[in-house]
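**Student:** Data: target_30.txt, compact mmCIF, C-alpha atoms.
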# COMPACT_ATOMS: atom_id res chain seq x y z
CA MET M 1 -2.34 4.79 -8.57
CA GLU M 2 1.00 3.62 -9.91
CA LEU M 3 1.93 0.34 -8.19
CA SER M 4 5.39 -1.21 -7.93
CA VAL M 5 6.03 -4.48 -6.09
CA GLU M 6 9.64 -5.10 -5.04
CA PRO M 7 11.16 -8.40 -3.87
CA ASP M 8 11.59 -7.41 -0.22
CA ALA M 9 11.76 -4.50 2.23
CA ALA M 10 15.40 -3.74 1.40
CA ALA M 11 14.68 -3.47 -2.32
CA THR M 12 11.64 -1.32 -1.55
CA ALA M 13 13.76 1.00 0.58
CA ALA M 14 16.34 1.34 -2.19
CA VAL M 15 13.71 2.44 -4.72
CA VAL M 16 12.20 4.94 -2.29
CA ALA M 17 15.62 6.35 -1.34
CA ASP M 18 16.38 7.01 -5.01
CA ARG M 19 13.14 8.97 -5.37
CA LEU M 20 13.80 10.98 -2.21
CA LEU M 21 17.31 11.86 -3.37
CA GLU M 22 15.93 13.08 -6.66
CA ALA M 23 13.18 15.13 -4.97
CA CYS M 24 15.29 16.78 -2.28
CA CYS M 25 16.82 19.21 -4.76
CA GLN M 26 13.46 20.46 -6.05
CA ASP M 27 11.84 23.74 -5.07
CA ARG M 28 9.09 22.61 -2.68
CA PRO M 29 9.83 20.91 0.67
CA LEU M 30 9.83 17.17 1.17
CA GLY M 31 7.09 15.67 3.32
CA LEU M 32 8.55 12.99 5.59
CA ALA M 33 7.28 10.19 7.80
CA THR M 34 8.56 8.12 10.71
CA GLY M 35 8.07 4.54 11.87
CA ARG M 36 9.65 1.15 11.29
CA THR M 37 8.80 1.15 7.57
CA MET M 38 10.93 4.27 7.16
CA GLU M 39 14.04 3.09 9.01
CA PRO M 40 15.49 1.12 6.05
CA VAL M 41 14.42 3.94 3.70
CA TYR M 42 16.48 6.51 5.59
CA ALA M 43 19.37 4.07 5.95
CA ALA M 44 19.39 3.58 2.16
CA LEU M 45 19.18 7.34 1.63
CA ALA M 46 22.13 7.89 3.99
CA GLY M 47 24.16 5.36 2.01
CA ARG M 48 23.48 7.15 -1.25
CA TRP M 49 24.14 10.51 0.37
CA SER M 50 27.57 9.47 1.65
CA ALA M 51 28.51 8.19 -1.83
CA LEU M 52 27.92 11.59 -3.44
CA PRO M 53 30.86 13.89 -4.20
CA ALA M 54 31.50 16.32 -1.35
CA GLY M 55 30.43 19.31 -3.42
CA GLU M 56 27.12 17.71 -4.34
CA ARG M 57 26.42 16.79 -0.70
CA CYS M 58 27.15 20.38 0.31
CA ARG M 59 24.78 21.71 -2.36
CA LEU M 60 21.96 19.39 -1.35
CA THR M 61 22.50 20.03 2.34
CA GLY M 62 22.17 23.76 1.76
CA ARG M 63 18.88 23.29 -0.13
CA TRP M 64 17.29 20.79 2.24
CA CYS M 65 13.85 21.61 3.66
CA SER M 66 11.37 19.03 4.95
CA PHE M 67 8.21 18.86 7.02
CA ASN M 68 7.25 15.77 8.99
CA LEU M 69 3.70 14.54 9.20
CA ASP M 70 3.25 14.33 12.93
CA GLU M 71 4.43 14.26 16.53
CA TYR M 72 3.08 12.91 19.81
CA VAL M 73 1.42 15.41 22.14
CA GLY M 74 3.22 15.55 25.48
CA LEU M 75 6.69 14.54 24.26
CA ALA M 76 9.29 17.29 24.11
CA SER M 77 11.74 17.27 21.21
CA GLY M 78 14.49 15.89 23.47
CA ASP M 79 12.47 12.84 24.50
CA PRO M 80 14.09 9.77 22.88
CA ARG M 81 10.62 8.39 22.03
CA SER M 82 9.63 11.53 20.10
CA PHE M 83 9.63 11.78 16.33
CA HIS M 84 12.10 14.66 16.68
CA ALA M 85 14.52 12.11 18.16
CA PHE M 86 13.69 9.54 15.48
CA MET M 87 14.52 12.01 12.71
CA ALA M 88 17.73 13.08 14.44
CA VAL M 89 18.95 9.48 14.64
CA HIS M 90 17.81 8.28 11.23
CA LEU M 91 18.10 11.37 9.02
CA VAL M 92 19.54 14.58 10.49
CA ASP M 93 22.77 13.17 11.91
CA PRO M 94 23.53 10.64 9.11
CA LEU M 95 23.03 13.29 6.41
CA GLY M 96 24.73 16.08 8.37
CA LEU M 97 21.69 18.34 8.24
CA ASN M 98 20.86 21.25 10.50
CA ARG M 99 17.92 20.31 12.73
CA GLN M 100 16.20 23.58 11.80
CA GLN M 101 15.93 22.26 8.23
CA VAL M 102 13.78 19.31 9.35
CA HIS M 103 10.49 20.70 10.62
CA LEU M 104 8.15 18.87 13.01
CA PRO M 105 5.25 19.93 15.22
CA ASP M 106 6.19 20.76 18.80
CA GLY M 107 4.71 17.95 20.87
CA GLY M 108 5.65 19.78 24.05
CA ALA M 109 3.59 22.87 23.22
CA THR M 110 1.24 23.92 26.02
CA ASP M 111 -1.61 24.44 23.52
CA PRO M 112 -1.54 21.59 20.95
CA ASP M 113 -4.42 23.05 18.94
CA ALA M 114 -2.61 26.37 18.55
CA GLU M 115 0.58 24.49 17.67
CA ALA M 116 -1.26 22.61 14.92
CA ARG M 117 -2.45 25.92 13.44
CA ARG M 118 1.08 27.34 13.67
CA TYR M 119 2.58 24.30 11.97
CA ARG M 120 0.06 24.40 9.14
CA ALA M 121 0.81 28.09 8.57
CA GLU M 122 4.55 27.36 8.56
CA LEU M 123 4.09 24.70 5.89
CA GLN M 124 1.92 26.99 3.78
CA ALA M 125 4.52 29.77 4.02
CA ALA M 126 7.14 27.33 2.74
CA GLY M 127 5.06 26.61 -0.36
CA GLY M 128 3.49 23.27 0.59
CA ILE M 129 4.84 19.78 -0.02
CA GLY M 130 6.56 18.67 -3.21
CA LEU M 131 6.95 14.92 -2.65
CA GLN M 132 5.04 13.47 0.32
CA LEU M 133 6.37 10.22 1.80
CA LEU M 134 3.75 8.11 3.59
CA GLY M 135 3.48 4.82 5.43
CA LEU M 136 0.21 2.93 5.89
CA GLY M 137 -1.27 2.16 9.29
CA LEU M 138 -2.94 -1.15 10.05
CA ASN M 139 -6.29 0.64 10.27
CA GLY M 140 -5.68 2.63 7.09
CA HIS M 141 -4.39 5.81 8.65
CA VAL M 142 -1.80 8.02 6.95
CA GLY M 143 0.02 10.42 9.20
CA PHE M 144 -2.09 10.11 12.33
CA ASN M 145 -5.37 10.64 10.47
CA GLU M 146 -7.45 7.99 12.19
CA PRO M 147 -10.71 6.62 10.77
CA PRO M 148 -13.22 8.03 10.25
CA CYS M 149 -11.51 10.93 8.48
CA GLY M 150 -12.61 13.13 5.62
CA ALA M 151 -10.48 14.32 2.72
CA ASP M 152 -10.81 17.93 3.91
CA SER M 153 -9.29 17.33 7.37
CA ARG M 154 -6.59 19.86 8.24
CA CYS M 155 -3.57 19.87 10.53
CA ARG M 156 -4.87 19.35 14.05
CA ALA M 157 -4.41 17.66 17.41
CA LEU M 158 -6.44 14.46 17.75
CA ALA M 159 -6.90 11.31 19.81
CA LEU M 160 -5.05 8.17 18.72
CA SER M 161 -6.98 4.95 18.28
CA ALA M 162 -6.36 1.81 20.31
CA THR M 163 -5.11 0.12 17.10
CA THR M 164 -2.51 2.80 16.50
CA ARG M 165 -1.33 2.85 20.10
CA ALA M 166 -0.93 -0.94 20.03
CA GLN M 167 0.94 -0.73 16.70
CA ASN M 168 3.38 1.81 18.17
CA ALA M 169 3.78 0.20 21.59
CA ALA M 170 7.20 -1.29 20.79
CA ASP M 171 8.73 2.18 21.20
CA PHE M 172 7.14 2.49 24.64
CA GLY M 173 8.28 -0.69 26.33
CA GLY M 174 5.59 -2.77 24.62
CA ASP M 175 2.79 -1.12 26.60
CA PRO M 176 0.03 0.48 24.47
CA ALA M 177 -1.11 2.45 27.52
CA ALA M 178 2.30 4.15 27.61
CA VAL M 179 1.87 5.50 24.06
CA PRO M 180 0.66 9.12 24.19
CA ALA M 181 -3.08 9.37 23.77
CA ARG M 182 -2.92 12.33 21.37
CA ALA M 183 -0.82 13.59 18.49
CA ILE M 184 -0.53 16.55 16.14
CA THR M 185 -0.79 15.54 12.50
CA LEU M 186 -1.00 17.11 9.08
CA GLY M 187 -4.44 16.43 7.69
CA LEU M 188 -5.53 14.87 4.42
CA ALA M 189 -5.96 18.40 3.07
CA GLU M 190 -2.23 19.12 3.40
CA ILE M 191 -1.26 15.64 2.19
CA LEU M 192 -3.47 15.80 -0.88
CA ALA M 193 -2.09 19.27 -1.72
CA ALA M 194 1.35 17.71 -2.34
CA GLU M 195 2.58 17.63 -5.93
CA ARG M 196 3.37 13.90 -5.67
CA ILE M 197 2.71 11.20 -3.08
CA LEU M 198 4.81 8.11 -2.38
CA LEU M 199 3.10 5.44 -0.24
CA VAL M 200 5.46 2.76 1.11
CA VAL M 201 4.01 -0.53 2.37
CA THR M 202 6.08 -3.47 3.61
CA GLY M 203 5.42 -6.64 5.57
CA GLN M 204 2.76 -9.33 5.70
CA ARG M 205 0.76 -7.53 8.41
CA LYS M 206 0.01 -4.70 5.97
CA ALA M 207 -1.34 -6.97 3.21
CA PRO M 208 -5.05 -6.86 4.21
CA ILE M 209 -5.20 -3.07 4.53
CA LEU M 210 -3.20 -2.54 1.32
CA ARG M 211 -5.62 -4.78 -0.58
CA ARG M 212 -8.59 -2.83 0.79
CA LEU M 213 -6.93 0.39 -0.33
CA LEU M 214 -6.17 -0.82 -3.84
CA GLU M 215 -9.51 -2.53 -4.50
CA GLY M 216 -11.97 -0.18 -2.83
CA GLY M 217 -13.15 3.36 -3.38
CA PRO M 218 -12.55 6.48 -1.29
CA SER M 219 -14.09 6.26 2.16
CA SER M 220 -13.74 8.09 5.47
CA GLU M 221 -13.43 4.66 7.13
CA LEU M 222 -10.11 4.12 5.34
CA PRO M 223 -8.30 7.50 5.39
CA ALA M 224 -5.58 6.36 2.97
CA SER M 225 -8.26 5.70 0.36
CA TRP M 226 -8.57 9.46 -0.26
CA LEU M 227 -5.19 9.16 -1.99
CA ARG M 228 -7.08 7.60 -4.90
CA ARG M 229 -8.31 11.10 -5.76
CA HIS M 230 -4.75 12.43 -6.18
CA PRO M 231 -3.37 12.56 -9.74
CA ALA M 232 0.19 11.49 -8.87
CA VAL M 233 0.34 8.68 -6.30
CA SER M 234 2.93 5.90 -6.40
CA VAL M 235 2.54 2.84 -4.17
CA ILE M 236 5.77 0.92 -3.59
CA ALA M 237 5.28 -2.36 -1.73
CA ASP M 238 7.25 -5.51 -1.08
CA ARG M 239 6.00 -8.98 -1.98
CA ALA M 240 5.00 -9.73 1.59
CA ALA M 241 2.55 -6.78 1.56
CA ALA M 242 1.07 -7.68 -1.82
CA PRO M 243 1.10 -11.50 -2.07
CA TRP M 244 -2.02 -11.68 -4.27
CA LEU M 245 -0.12 -9.83 -7.01
CA GLN M 246 2.60 -12.49 -7.39
CA GLY M 247 3.01 -14.44 -10.59
Once more with this new file: its structure as structure tokens, please.
**Tutor:**
Amino acid sequence: MELSVEPDAAATAAVVADRLLEACCQDRPLGLATGRTMEPVYAALAGRWSALPAGERCRLTGRWCSFNLDEYVGLASGDPRSFHAFMAVHLVDPLGLNRQQVHLPDGGATDPDAEARRYRAELQAAGGIGLQLLGLGLNGHVGFNEPPCGADSRCRALALSATTRAQNAADFGGDPAAVPARAITLGLAEILAAERILLVVTGQRKAPILRRLLEGGPSSELPASWLRRHPAVSVIADRAAAPWLQG
């Protein structure tokens, strides 16, 4: 793994935004993520986007194609707590994209398992992921791949852990019980098939799990550890997430 430690979350977001801007004009789709770690990343990307000449923005807009990692089961795309809504607020509207260019699973589908199969097939038809953007969950999940999870897991509907629901409760009035119990997520198989992977880790709360990831071997108990088998993974963290690497 390539590791870069930046001074703070803002500097981390700036580095990640530069890499996303470079990758969005390549042939394979971007793989995108949601969550608080990604908010400053998309804000930095929007700033760079708006600074481009109008012709360049138009060219990049026309080429844009991305696939998100996941969506909550039971939330329709219009629900303000859905990841569809998150992407509209933080990426689609600021960049002036067409919502059809930013693909997500349909959390409101009546058959989540069938929707997961459909979404996987849609990604495969688009050629798979070029650059995959990832955050890191407090229990080591990437996407919503909860431990234990094997490297061959595919896109599927699954139950969310108590840790993950507590971590995401802020978007649901602070009540973990209000967080949907299930989600549709791309699996490690789709993530590891990406050409390149960019793992973004910020904040003191993520320090213990990041250290486990960097110092341990691959294990189903830490789903993100399967990234160690990928030939092109970059970890970009801020100092708060990697304090043992200072000095």
**Student:** Counting all atoms listed in the file, which of M:His90, M:Tyr72, M:Pro53, M:Ser66 gets nearest to Met38 (chain M)?
**Tutor:**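 Nearest to Met38 (chain M): M:His90.
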**Student:** Find the residues with any atom within 10 Å of (-1.9, 18.1, 15.1); use only C-alpha atoms and the coordinates as given in the file, and write the answer as number ranges by chain.
**Tutor:** M: 69-73, 105-107, 112-120, 143-145, 154-159, 182-187
**Student:** Any chance you could tabulate, as a tab-separated table, the residues of region 178-241 of chain M at most 10 Å from region 19-37 of chain M with each one's nearest atom pair and distance in Å to one decimal, using only C-alpha atoms, in chain and rising number order?
**Tutor:**
residue	atom	partner	partner_atom	distance
M:Glu190	CA	M:Gly31	CA	9.9
M:Ile191	CA	M:Gly31	CA	8.4
M:Ala194	CA	M:Gly31	CA	8.3
M:Glu195	CA	M:Arg28	CA	8.8
M:Arg196	CA	M:Gly31	CA	9.9
M:Ile197	CA	M:Gly31	CA	9.0
M:Leu198	CA	M:Arg19	CA	8.9
M:Val200	CA	M:Thr37	CA	7.4
M:Val201	CA	M:Thr37	CA	7.3
M:Thr202	CA	M:Thr37	CA	6.7
M:Gly203	CA	M:Thr37	CA	8.7
**Student:** Choose the residue, out of M:Gln101, M:Ala181, M:Pro7, M:Leu134, that has the smallest atom-to-atom separation from Ala88 (chain M); count all atoms listed in the file.
**Tutor:**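 Of all the options, M:Gln101 lies closest to Ala88 (chain M).
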**Student:** Around the point (5.4, -14.8, -1.7) in the file's coordinates, collect all residues with an atom within 12 Å, using all atoms listed in the file, and return them as a list in words.
**Tutor:**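 Every polymer residue passing the test: Val5, Glu6, Pro7, Asp8, Gly203, Gln204, Ala207, Asp238, Arg239, Ala240, Ala241, Ala242, Pro243, Trp244, Leu245, Gln246 and Gly247 of chain M.
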**Student:** Point out the residue among M:Arg99, M:Arg229, M:Arg205, M:Arg81 with the least atom-to-atom distance to Ala193 (chain M), counting all atoms listed in the file.
**Tutor:** M:Arg229
**Student:** Of the candidates M:Ile129, M:Ala46, M:Val142, M:Cys58, which one gets nearest to Leu95 (chain M) if we count all atoms listed in the file?
**Tutor:**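 Looking at the shortest contact to Leu95 (chain M), the residue is M:Ala46.
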**Student:** Separation of CA of Trp226 (chain M) and CA of Leu199 (chain M), in Å?
**Tutor:**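 CA of Leu199 (chain M) lies 12.3 Å from CA of Trp226 (chain M).
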**Student:** Find the residue from M:Glu122, M:His84, M:Gln167, M:Met1 that sits nearest to Arg228 (chain M); use all atoms listed in the file when measuring.
**Tutor:** M:Met1
**Student:** Kindly indicate which residue among M:Leu91, M:Leu60, M:Leu160, M:Val235 lies nearest to Leu45 (chain M), using only C-alpha atoms for the distances.
**Tutor:**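 The shortest atom-to-atom distance to Leu45 (chain M) comes from M:Leu91.
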**Student:** Would you compute the distance between CA of Ser161 (chain M) and CA of Lys206 (chain M)? Give it in Å to one decimal.
**Tutor:**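 Between CA of Ser161 (chain M) and CA of Lys206 (chain M) the gap is 17.1 Å.
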**Student:** Work out how far apart CA of Glu39 (chain M) and CA of Ala13 (chain M) are and give it in Å to one decimal.
**Tutor:**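 Separation of CA of Glu39 (chain M) and CA of Ala13 (chain M): 8.7 Å.
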**Student:** Which residues, written as a PDB file with C-alpha atoms, in the frame of the given file, have at least one atom at most 12 Å from Arg59 (chain M), with all atoms listed in the file counted and residues fewer than 2 positions away on the same chain left out?
**Tutor:**
ATOM      1  CA  CYS M  24      15.290  16.780  -2.280  1.00  0.00           C
ATOM      2  CA  CYS M  25      16.820  19.210  -4.760  1.00  0.00           C
ATOM      3  CA  GLN M  26      13.460  20.460  -6.050  1.00  0.00           C
ATOM      4  CA  TRP M  49      24.140  10.510   0.370  1.00  0.00           C
ATOM      5  CA  LEU M  52      27.920  11.590  -3.440  1.00  0.00           C
ATOM      6  CA  PRO M  53      30.860  13.890  -4.200  1.00  0.00           C
ATOM      7  CA  ALA M  54      31.500  16.320  -1.350  1.00  0.00           C
ATOM      8  CA  GLY M  55      30.430  19.310  -3.420  1.00  0.00           C
ATOM      9  CA  GLU M  56      27.120  17.710  -4.340  1.00  0.00           C
ATOM     10  CA  ARG M  57      26.420  16.790  -0.700  1.00  0.00           C
ATOM     11  CA  THR M  61      22.500  20.030   2.340  1.00  0.00           C
ATOM     12  CA  GLY M  62      22.170  23.760   1.760  1.00  0.00           C
ATOM     13  CA  ARG M  63      18.880  23.290  -0.130  1.00  0.00           C
ATOM     14  CA  TRP M  64      17.290  20.790   2.240  1.00  0.00           C
ATOM     15  CA  LEU M  97      21.690  18.340   8.240  1.00  0.00           C
TER      16      LEU M  97
END
**Student:** Give me, as an MDAnalysis selection string, all polymer residues having an atom no more than 9 Å from Val41 (chain M), counting all atoms listed in the file and skipping those fewer than 5 positions away in the same chain.
**Tutor:** chainID M and resid 9:10 12:17 46
